[in-house]
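Structure first, commentary second.
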Amino acid sequence: MKDPVCIVIPAWNEGNTIGKTMQAIKRGAATSPIISDIELIVVDDGSTDDTMFQAASLADQIISFPEKRGKGAALEAGWKKSVAPIILFLDADLGETAVHFPLLVHPIIAAEADTTIAKLPPALTRGGFGLVKRLACYGIAACSGFQATAPLSGQRALRKDVLTALPPFGSGFGIEVGLTIDAVRLGYRVSEVEVPFRHRETARNFAGFMHRGQQFVAVGRTLIAKWEMNKT
């Protein structure tokens, strides 16, 4: 059985990577026995480089924000424009590894899951100390009972009716944590799938620690909000 899939790519200043990612997606779709058609939607989140130009010849739709509104707004705008029954969120910097995206869609087409989350291979470079990931895993388990191993992964597939039932997306680095908690609470089947995606990694330098510090705060805020909702 083959199904159509919509792939939403939120992008901010990804002119150097988005073309390779989209070409790899098209190759993956062309060789997949389970995907009948893809709809590629790129949401340009106020880029100041040539992201839109690089995506123009490969995308079915481009949504362009005049200024940066954040990943949550980009994802919402993208999936709401889709006509496909399955939505896949992919980052713009996956490059050649985006060819493996059918692995993430297969459990949904096979009716084995309602939403899937990609588990990526171990990082090639040493990053942080795992504090954000541990916080996210603990918080997801406390708020929903789901034992996550890839709580921060942005590579996710969902049935469109699941997205329609979920609350509006949040903003910042807590989006993925919130999505998992909301889906489990509503009774949907969430499955983590090993997929050999690779994308930009943050190093153990000042910029990397700043990034992870912002992640930690954002994930913490999301978990507090979800916990408060759970008590009401």
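Residues in the structure tokens are named by chain (A, B, ... in the order shown) and by number from 1 within that chain; ligands are numbered from 1 in the order shown.
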
Which residues are close to segment 64-75 of chain A, i.e. within 10 Å by only C-alpha atoms, leaving aside same-chain residues fewer than 4 positions away? Reply as a ChimeraX atom specification. /A:8-12,41-48,52,79-80,89-90,168-176

Secondary structure check, helix (DSSP H, G or I) residues of segment 149-204 of chain A, as an MDAnalysis selection string: chainID A and resid 160:165 172:185

For atom CA of Ala24 of chain A and atom CA of Phe101 of chain A, determine how far apart the two atoms are, in Å to one decimal place.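 Distance between the two atoms: 9.2 Å.
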
Under the rule of at most 7 Å, produce a per-residue listing of segment 2-120 of chain A near segment 141-164 of chain A: chain, number, name, the closest pair of atoms, and the distance in Å, as CSV, using only C-alpha atoms.
```
residue,atom,partner,partner_atom,distance
A:Pro85,CA,A:Lys160,CA,5.2
A:Ile86,CA,A:Arg159,CA,4.5
A:Ile87,CA,A:Leu158,CA,5.3
A:Leu88,CA,A:Ala157,CA,4.2
A:Phe89,CA,A:Arg156,CA,5.2
A:Leu90,CA,A:Gln155,CA,4.9
A:Asp91,CA,A:Gln155,CA,6.8
A:Leu104,CA,A:Ala157,CA,6.5
A:Val105,CA,A:Ala157,CA,6.1
A:Asp114,CA,A:Leu158,CA,6.0
A:Thr115,CA,A:Leu158,CA,4.3
A:Thr116,CA,A:Ala157,CA,5.2
A:Ile117,CA,A:Arg156,CA,4.7
A:Ala118,CA,A:Gln155,CA,5.5
A:Lys119,CA,A:Ala150,CA,5.6
```

Going by DSSP on the backbone, which residues of segment 20-224 of chain A come out as strand (DSSP E or B)? List them as a ChimeraX atom specification. /A:35-45,61-65,86-89,115-119,156-159,190-194

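Distance check against Ile109 of chain A using only C-alpha atoms: of A:Ile7, A:Val184, A:Leu58, A:Ile34, the minimum falls on A:Ile34.
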
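With only C-alpha atoms as the basis for measurement, A:Ile18 is the residue among A:Val99, A:Ile25, A:Ile18, A:Ala113 that approaches Thr51 of chain A most closely.
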
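Once Leu135 of chain A and its same-chain neighbours fewer than 5 positions away are set aside, Gly130, Ile140, Phe216, Val219 and Gly220 of chain A remain within 9 Å of it when counting only C-alpha atoms.
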
Output C-alpha atoms for every residue in the selection just made, as an mmCIF file, in the first residue's frame.
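Output file selection_17.cif is given in full below:
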```cif
data_model
loop_
_atom_site.group_PDB
_atom_site.id
_atom_site.type_symbol
_atom_site.label_atom_id
_atom_site.label_comp_id
_atom_site.auth_asym_id
_atom_site.auth_seq_id
_atom_site.Cartn_x
_atom_site.Cartn_y
_atom_site.Cartn_z
ATOM 1 C CA GLY A 130 23.364 15.514 28.211
ATOM 2 C CA ILE A 140 8.117 13.600 29.383
ATOM 3 C CA PHE A 216 17.476 23.853 28.854
ATOM 4 C CA VAL A 219 12.420 22.726 27.733
ATOM 5 C CA GLY A 220 12.021 23.519 31.428
#
```

Which one of A:Arg185, A:Lys2, A:His106, A:Lys20 sits closest to Ala92 of chain A if you count only C-alpha atoms? A:Lys20
